[in-house]
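First comes the structure, then the notes that go with it.
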Amino acid sequence: MRQFGRQYRLVLGSEENGLVIDSLRVTFEFTKSIDNTPNKAEIRIWNLNREHREWLYGSDFRKVWLWAGYSELRLLYAGDITAVALERKELDNIIVLTCNTGDTDMRQARVSTTLAAGSTANDHVKVAVASMTGTAPGQVVLPRQRPLPRGKVLSGLSRDVLSEVAAEQGADWSIQDGDLLLLPAGYVLDDQAVFLSQETGLIGAPKEIKGCGLELTCLIDPAPRVGGTVRLKSIEPRYDGDYKIVAINSKGDVMEKDWYCVLSVIGGEFQKKDAAKADKGGKGNG
């Protein structure tokens, strides 16, 4: 099981010219879920110098990126900084950041347009995403693509357009680290399944959640993604198999023992995006 050599890199402000932190004590806790509730995070930074604290308070760039890993760094969380606070504990000054993924786009992005007859769900998603300044298309699976016989008016919050499309597709949608994810219940991401066992970071035995699948506790690893597949090999063989990840709760302290995540997973028969493209002539986006 990997426990040593863990690394992190925290960038605040803007990705190109932001403040980079990679040697201070940092703790974090966040939850990612497959529904459209913004992924909330709390990040704490120990003893940031006064100049950088003042810059952070006054900066117009309110973004955060957290990379973590072992032999290589991979993106673990990205979001909008919604609040900055200062706590004092004995001799330490601790900056506390409250963050949400896609917060600005969720609250502010709006659409106002009329599409001609023949538009599809794919067109409606494209209009919604184009109105979002901080969100890219990501992985969007739309197996039902019926051209509308009449024009379509899109007006109001962009998130409402996405919710309407998702309901029609029997799908969940969310913003994950700046990318839109819209995935029907019977589909998973195109990613290769993440293998999870005692040797690769699984901690203890799976916990069965009545009517809700399993909870798997493991060392922090950026590879598992919401909507992706985990291939489980447990000390209890009855749980072995492939599962869809529907939520990830991560908690880490770069200088202490906390460095784990809990995956909420469900079993079933799932398809990948390529299958959606072949289904009734449908097409995906992303």
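Scheme for the structure tokens: letters A, B, ... for chains in order shown; per-chain residue numbers from 1; ligand numbers from 1 in order shown.
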Taking only residues of region 81-193 of chain A that have an atom at most 9 Å from an atom of region 254-278 of chain A, what is each one's shortest atom pair and its distance in Å to one decimal, using only C-alpha atoms, in chain and number order, as a Markdown table?
| residue | atom | partner | partner_atom | distance |
| --- | --- | --- | --- | --- |
| A:Gln139 | CA | A:Lys273 | CA | 8.4 |
| A:Val140 | CA | A:Lys273 | CA | 8.2 |
| A:Val141 | CA | A:Lys273 | CA | 6.0 |
| A:Leu142 | CA | A:Ala276 | CA | 6.9 |
| A:Pro143 | CA | A:Ala276 | CA | 4.9 |
| A:Arg144 | CA | A:Ala276 | CA | 8.6 |
| A:Leu183 | CA | A:Lys273 | CA | 8.9 |
| A:Ala185 | CA | A:Phe270 | CA | 8.2 |
| A:Gly186 | CA | A:Phe270 | CA | 4.9 |
| A:Tyr187 | CA | A:Gln271 | CA | 4.6 |
| A:Val188 | CA | A:Lys272 | CA | 5.3 |
| A:Leu189 | CA | A:Lys272 | CA | 6.0 |
| A:Asp190 | CA | A:Lys272 | CA | 5.6 |
| A:Asp191 | CA | A:Lys272 | CA | 8.8 |
Keeping C-alpha atoms for every residue in the selection just given, could you write it to a file as a compact mmCIF listing (two decimals), in the first residue's frame?
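Saved the output as again_10.txt:
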# COMPACT_ATOMS: atom_id res chain seq x y z
CA GLN A 139 -18.24 14.30 -20.95
CA VAL A 140 -21.84 14.56 -22.09
CA VAL A 141 -23.82 11.45 -23.04
CA LEU A 142 -27.11 12.03 -24.85
CA PRO A 143 -28.57 8.74 -26.12
CA ARG A 144 -31.94 10.31 -27.01
CA LEU A 183 -24.43 11.08 -17.63
CA ALA A 185 -28.03 6.44 -14.97
CA GLY A 186 -26.99 3.45 -17.09
CA TYR A 187 -23.71 4.95 -18.30
CA VAL A 188 -20.19 5.49 -16.95
CA LEU A 189 -17.24 7.61 -18.08
CA ASP A 190 -15.01 6.45 -20.92
CA ASP A 191 -12.09 6.21 -18.47
Check your understanding: Among region 125-266 of chain A, which residues carry a DSSP assignment of strand (DSSP E or B), reported as a ChimeraX atom specification?
Key -> /A:136-140,152-157,171-176,179-184,187,194-196,202,207-209,213-219,229-232,241-253,259-266
Note to self: List as a PyMOL selection string the protein and nucleic acid residues near region 49-59 of chain A, meaning an atom at most 12 Å away when only C-alpha atoms are counted, but skip any in the same chain fewer than 4 places from it.
What the structure shows: chain A and resi 11-14+17-21+24+45+63-64+81-86+92-97
Convert the current residue selection to file output with N, CA and C atoms, as a PDB file, in the first residue's frame.
ATOM      1  N   VAL A  11      -2.776  26.028  -6.044  1.00  0.00           N
ATOM      2  CA  VAL A  11      -2.682  27.286  -6.787  1.00  0.00           C
ATOM      3  C   VAL A  11      -3.927  28.110  -6.485  1.00  0.00           C
ATOM      4  N   LEU A  12      -3.716  29.365  -6.092  1.00  0.00           N
ATOM      5  CA  LEU A  12      -4.806  30.274  -5.765  1.00  0.00           C
ATOM      6  C   LEU A  12      -4.767  31.464  -6.706  1.00  0.00           C
ATOM      7  N   GLY A  13      -5.924  31.926  -7.128  1.00  0.00           N
ATOM      8  CA  GLY A  13      -5.987  33.114  -7.975  1.00  0.00           C
ATOM      9  C   GLY A  13      -6.312  32.765  -9.397  1.00  0.00           C
ATOM     10  N   SER A  14      -5.275  32.666 -10.239  1.00  0.00           N
ATOM     11  CA  SER A  14      -5.449  32.249 -11.631  1.00  0.00           C
ATOM     12  C   SER A  14      -4.452  31.145 -11.929  1.00  0.00           C
ATOM     13  N   ASN A  17      -1.073  32.784 -13.405  1.00  0.00           N
ATOM     14  CA  ASN A  17      -0.309  33.732 -12.588  1.00  0.00           C
ATOM     15  C   ASN A  17      -0.740  33.716 -11.126  1.00  0.00           C
ATOM     16  N   GLY A  18      -1.178  32.574 -10.658  1.00  0.00           N
ATOM     17  CA  GLY A  18      -1.668  32.500  -9.295  1.00  0.00           C
ATOM     18  C   GLY A  18      -0.565  32.286  -8.276  1.00  0.00           C
ATOM     19  N   LEU A  19      -0.966  32.272  -7.031  1.00  0.00           N
ATOM     20  CA  LEU A  19      -0.061  32.002  -5.919  1.00  0.00           C
ATOM     21  C   LEU A  19       0.091  30.494  -5.769  1.00  0.00           C
ATOM     22  N   VAL A  20       1.330  30.014  -5.846  1.00  0.00           N
ATOM     23  CA  VAL A  20       1.612  28.580  -5.762  1.00  0.00           C
ATOM     24  C   VAL A  20       2.093  28.239  -4.357  1.00  0.00           C
ATOM     25  N   ILE A  21       1.468  27.249  -3.742  1.00  0.00           N
ATOM     26  CA  ILE A  21       1.840  26.788  -2.402  1.00  0.00           C
ATOM     27  C   ILE A  21       2.141  25.299  -2.479  1.00  0.00           C
ATOM     28  N   LEU A  24       3.948  24.650   2.566  1.00  0.00           N
ATOM     29  CA  LEU A  24       3.296  24.950   3.835  1.00  0.00           C
ATOM     30  C   LEU A  24       2.368  23.806   4.240  1.00  0.00           C
ATOM     31  N   ILE A  45      -4.765  26.770   5.170  1.00  0.00           N
ATOM     32  CA  ILE A  45      -3.351  27.014   4.871  1.00  0.00           C
ATOM     33  C   ILE A  45      -2.702  27.617   6.109  1.00  0.00           C
ATOM     34  N   LYS A  63     -10.164  31.697  -7.789  1.00  0.00           N
ATOM     35  CA  LYS A  63     -10.140  30.297  -8.198  1.00  0.00           C
ATOM     36  C   LYS A  63      -9.137  29.523  -7.348  1.00  0.00           C
ATOM     37  N   VAL A  64      -9.344  28.203  -7.276  1.00  0.00           N
ATOM     38  CA  VAL A  64      -8.410  27.338  -6.560  1.00  0.00           C
ATOM     39  C   VAL A  64      -8.241  26.045  -7.347  1.00  0.00           C
ATOM     40  N   ILE A  81     -13.422  30.198  -5.150  1.00  0.00           N
ATOM     41  CA  ILE A  81     -13.306  30.586  -3.741  1.00  0.00           C
ATOM     42  C   ILE A  81     -14.494  31.478  -3.403  1.00  0.00           C
ATOM     43  N   THR A  82     -15.331  31.053  -2.473  1.00  0.00           N
ATOM     44  CA  THR A  82     -16.522  31.822  -2.118  1.00  0.00           C
ATOM     45  C   THR A  82     -16.371  32.590  -0.808  1.00  0.00           C
ATOM     46  N   ALA A  83     -15.400  32.226   0.021  1.00  0.00           N
ATOM     47  CA  ALA A  83     -15.176  32.942   1.277  1.00  0.00           C
ATOM     48  C   ALA A  83     -13.739  32.723   1.738  1.00  0.00           C
ATOM     49  N   VAL A  84     -13.165  33.776   2.353  1.00  0.00           N
ATOM     50  CA  VAL A  84     -11.813  33.713   2.918  1.00  0.00           C
ATOM     51  C   VAL A  84     -11.890  34.191   4.363  1.00  0.00           C
ATOM     52  N   ALA A  85     -11.351  33.417   5.283  1.00  0.00           N
ATOM     53  CA  ALA A  85     -11.356  33.795   6.695  1.00  0.00           C
ATOM     54  C   ALA A  85      -9.980  33.527   7.296  1.00  0.00           C
ATOM     55  N   LEU A  86      -9.705  34.181   8.412  1.00  0.00           N
ATOM     56  CA  LEU A  86      -8.439  33.991   9.126  1.00  0.00           C
ATOM     57  C   LEU A  86      -8.736  33.480  10.527  1.00  0.00           C
ATOM     58  N   ASP A  92      -0.118  30.005  15.393  1.00  0.00           N
ATOM     59  CA  ASP A  92      -0.356  29.825  13.960  1.00  0.00           C
ATOM     60  C   ASP A  92      -1.462  30.736  13.445  1.00  0.00           C
ATOM     61  N   ASN A  93      -1.237  31.283  12.247  1.00  0.00           N
ATOM     62  CA  ASN A  93      -2.280  31.956  11.485  1.00  0.00           C
ATOM     63  C   ASN A  93      -2.758  30.991  10.399  1.00  0.00           C
ATOM     64  N   ILE A  94      -4.044  30.751  10.358  1.00  0.00           N
ATOM     65  CA  ILE A  94      -4.591  29.761   9.430  1.00  0.00           C
ATOM     66  C   ILE A  94      -5.619  30.433   8.523  1.00  0.00           C
ATOM     67  N   ILE A  95      -5.335  30.438   7.230  1.00  0.00           N
ATOM     68  CA  ILE A  95      -6.295  30.915   6.242  1.00  0.00           C
ATOM     69  C   ILE A  95      -7.283  29.789   5.952  1.00  0.00           C
ATOM     70  N   VAL A  96      -8.567  30.108   6.000  1.00  0.00           N
ATOM     71  CA  VAL A  96      -9.617  29.122   5.723  1.00  0.00           C
ATOM     72  C   VAL A  96     -10.355  29.546   4.456  1.00  0.00           C
ATOM     73  N   LEU A  97     -10.286  28.707   3.438  1.00  0.00           N
ATOM     74  CA  LEU A  97     -10.970  28.967   2.175  1.00  0.00           C
ATOM     75  C   LEU A  97     -12.203  28.075   2.066  1.00  0.00           C
TER      76      LEU A  97
END
### Task
Identify, on the basis of only C-alpha atoms, every residue whose closest approach to Val111 (chain A) does not exceed 6 Å; exclude the query and any residue fewer than 6 positions from it along the same chain; express the result as an NGL selection string.
:A and (155-156 or 158)
| task | Check the smallest atom-to-atom distance from each of A:Asn39, A:Ser163, A:Gln108, A:Asn100 to His124 (chain A) using only C-alpha atoms, then report the winner. | result |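 Distance minimum relative to His124 (chain A) lands on A:Ser163.
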Can you list every residue in region 45-261 of chain A that DSSP puts in helix (DSSP H, G or I), as an mmCIF file with N, CA and C atoms, in the first residue's frame?
data_model
loop_
_atom_site.group_PDB
_atom_site.id
_atom_site.type_symbol
_atom_site.label_atom_id
_atom_site.label_comp_id
_atom_site.auth_asym_id
_atom_site.auth_seq_id
_atom_site.Cartn_x
_atom_site.Cartn_y
_atom_site.Cartn_z
ATOM 1 N N ARG A 50 2.128 37.648 5.402
ATOM 2 C CA ARG A 50 1.173 38.760 5.388
ATOM 3 C C ARG A 50 0.916 39.277 3.969
ATOM 4 N N GLU A 51 1.972 39.404 3.182
ATOM 5 C CA GLU A 51 1.814 39.911 1.817
ATOM 6 C C GLU A 51 0.858 39.036 1.010
ATOM 7 N N HIS A 52 1.033 37.731 1.119
ATOM 8 C CA HIS A 52 0.174 36.824 0.360
ATOM 9 C C HIS A 52 -1.246 36.786 0.928
ATOM 10 N N ARG A 53 -1.391 36.946 2.239
ATOM 11 C CA ARG A 53 -2.735 37.014 2.820
ATOM 12 C C ARG A 53 -3.484 38.229 2.288
ATOM 13 N N GLU A 54 -2.812 39.378 2.274
ATOM 14 C CA GLU A 54 -3.458 40.599 1.791
ATOM 15 C C GLU A 54 -3.790 40.491 0.309
ATOM 16 N N TRP A 55 -2.874 39.864 -0.454
ATOM 17 C CA TRP A 55 -3.146 39.663 -1.880
ATOM 18 C C TRP A 55 -4.384 38.795 -2.066
ATOM 19 N N LEU A 56 -4.500 37.749 -1.254
ATOM 20 C CA LEU A 56 -5.626 36.834 -1.382
ATOM 21 C C LEU A 56 -6.938 37.528 -1.047
ATOM 22 N N TYR A 57 -6.942 38.364 -0.006
ATOM 23 C CA TYR A 57 -8.156 39.085 0.359
ATOM 24 C C TYR A 57 -8.606 40.022 -0.755
ATOM 25 N N GLY A 58 -7.635 40.667 -1.424
ATOM 26 C CA GLY A 58 -7.982 41.690 -2.406
ATOM 27 C C GLY A 58 -8.010 41.225 -3.838
ATOM 28 N N ASP A 103 -19.423 27.463 -8.894
ATOM 29 C CA ASP A 103 -20.335 28.319 -8.134
ATOM 30 C C ASP A 103 -20.843 29.496 -8.963
ATOM 31 N N THR A 104 -19.927 30.204 -9.632
ATOM 32 C CA THR A 104 -20.328 31.376 -10.408
ATOM 33 C C THR A 104 -21.248 30.991 -11.555
ATOM 34 N N ASP A 105 -20.885 29.950 -12.295
ATOM 35 C CA ASP A 105 -21.722 29.526 -13.418
ATOM 36 C C ASP A 105 -23.078 29.017 -12.948
ATOM 37 N N MET A 106 -23.114 28.334 -11.827
ATOM 38 C CA MET A 106 -24.382 27.836 -11.294
ATOM 39 C C MET A 106 -25.324 28.995 -10.947
ATOM 40 N N ARG A 107 -24.777 30.059 -10.383
ATOM 41 C CA ARG A 107 -25.611 31.161 -9.894
ATOM 42 C C ARG A 107 -25.918 32.205 -10.957
ATOM 43 N N GLN A 108 -24.973 32.449 -11.874
ATOM 44 C CA GLN A 108 -25.085 33.629 -12.723
ATOM 45 C C GLN A 108 -25.302 33.356 -14.203
ATOM 46 N N ALA A 121 -31.147 17.796 -28.182
ATOM 47 C CA ALA A 121 -30.621 17.965 -26.824
ATOM 48 C C ALA A 121 -29.173 18.430 -26.857
ATOM 49 N N ASN A 122 -28.416 17.945 -27.829
ATOM 50 C CA ASN A 122 -27.016 18.345 -27.956
ATOM 51 C C ASN A 122 -26.895 19.850 -28.175
ATOM 52 N N ASP A 123 -27.771 20.413 -29.013
ATOM 53 C CA ASP A 123 -27.758 21.855 -29.265
ATOM 54 C C ASP A 123 -28.100 22.633 -27.999
ATOM 55 N N HIS A 124 -29.035 22.145 -27.229
ATOM 56 C CA HIS A 124 -29.451 22.842 -26.012
ATOM 57 C C HIS A 124 -28.313 22.859 -24.985
ATOM 58 N N VAL A 125 -27.610 21.738 -24.870
ATOM 59 C CA VAL A 125 -26.465 21.680 -23.955
ATOM 60 C C VAL A 125 -25.371 22.641 -24.411
ATOM 61 N N LYS A 126 -25.109 22.692 -25.711
ATOM 62 C CA LYS A 126 -24.062 23.581 -26.223
ATOM 63 C C LYS A 126 -24.360 25.040 -25.898
ATOM 64 N N VAL A 127 -25.630 25.445 -26.044
ATOM 65 C CA VAL A 127 -26.008 26.819 -25.721
ATOM 66 C C VAL A 127 -25.775 27.098 -24.241
ATOM 67 N N ALA A 128 -26.173 26.167 -23.383
ATOM 68 C CA ALA A 128 -26.008 26.360 -21.939
ATOM 69 C C ALA A 128 -24.538 26.467 -21.560
ATOM 70 N N VAL A 129 -23.701 25.571 -22.095
ATOM 71 C CA VAL A 129 -22.277 25.581 -21.743
ATOM 72 C C VAL A 129 -21.597 26.835 -22.285
ATOM 73 N N ALA A 130 -22.000 27.295 -23.475
ATOM 74 C CA ALA A 130 -21.396 28.497 -24.058
ATOM 75 C C ALA A 130 -21.625 29.728 -23.185
ATOM 76 N N SER A 158 -28.915 29.041 -17.006
ATOM 77 C CA SER A 158 -28.347 27.946 -17.799
ATOM 78 C C SER A 158 -28.490 26.612 -17.079
ATOM 79 N N ARG A 159 -28.394 26.639 -15.762
ATOM 80 C CA ARG A 159 -28.509 25.384 -15.015
ATOM 81 C C ARG A 159 -29.894 24.762 -15.197
ATOM 82 N N ASP A 160 -30.925 25.596 -15.397
ATOM 83 C CA ASP A 160 -32.268 25.057 -15.609
ATOM 84 C C ASP A 160 -32.375 24.365 -16.963
ATOM 85 N N VAL A 161 -31.670 24.898 -17.973
ATOM 86 C CA VAL A 161 -31.632 24.237 -19.279
ATOM 87 C C VAL A 161 -31.001 22.857 -19.139
ATOM 88 N N LEU A 162 -29.888 22.786 -18.417
ATOM 89 C CA LEU A 162 -29.210 21.501 -18.226
ATOM 90 C C LEU A 162 -30.074 20.528 -17.430
ATOM 91 N N SER A 163 -30.787 21.035 -16.444
ATOM 92 C CA SER A 163 -31.668 20.162 -15.654
ATOM 93 C C SER A 163 -32.794 19.600 -16.514
ATOM 94 N N GLU A 164 -33.320 20.412 -17.428
ATOM 95 C CA GLU A 164 -34.386 19.942 -18.321
ATOM 96 C C GLU A 164 -33.868 18.845 -19.247
ATOM 97 N N VAL A 165 -32.685 19.073 -19.838
ATOM 98 C CA VAL A 165 -32.098 18.056 -20.716
ATOM 99 C C VAL A 165 -31.828 16.776 -19.930
ATOM 100 N N ALA A 166 -31.251 16.916 -18.741
ATOM 101 C CA ALA A 166 -30.926 15.735 -17.931
ATOM 102 C C ALA A 166 -32.182 14.933 -17.604
ATOM 103 N N ALA A 167 -33.270 15.615 -17.271
ATOM 104 C CA ALA A 167 -34.517 14.916 -16.953
ATOM 105 C C ALA A 167 -35.025 14.138 -18.165
ATOM 106 N N GLU A 168 -34.922 14.742 -19.348
ATOM 107 C CA GLU A 168 -35.368 14.059 -20.570
ATOM 108 C C GLU A 168 -34.515 12.832 -20.875
ATOM 109 N N GLN A 169 -33.238 12.887 -20.491
ATOM 110 C CA GLN A 169 -32.302 11.807 -20.799
ATOM 111 C C GLN A 169 -32.212 10.765 -19.683
ATOM 112 N N GLN A 198 -6.307 -4.045 -1.532
ATOM 113 C CA GLN A 198 -5.462 -3.722 -0.383
ATOM 114 C C GLN A 198 -4.087 -3.249 -0.842
ATOM 115 N N GLU A 199 -3.600 -3.808 -1.940
ATOM 116 C CA GLU A 199 -2.263 -3.461 -2.427
ATOM 117 C C GLU A 199 -2.225 -2.091 -3.099
ATOM 118 N N THR A 200 -3.357 -1.607 -3.596
ATOM 119 C CA THR A 200 -3.368 -0.331 -4.314
ATOM 120 C C THR A 200 -3.994 0.802 -3.513
ATOM 121 N N PRO A 237 -14.531 -11.505 -0.899
ATOM 122 C CA PRO A 237 -14.725 -11.713 -2.340
ATOM 123 C C PRO A 237 -16.140 -11.444 -2.840
ATOM 124 N N ARG A 238 -17.137 -11.532 -1.973
ATOM 125 C CA ARG A 238 -18.513 -11.320 -2.443
ATOM 126 C C ARG A 238 -18.730 -9.902 -2.963
ATOM 127 N N TYR A 239 -17.828 -8.987 -2.612
ATOM 128 C CA TYR A 239 -17.958 -7.616 -3.090
ATOM 129 C C TYR A 239 -17.164 -7.360 -4.374
#
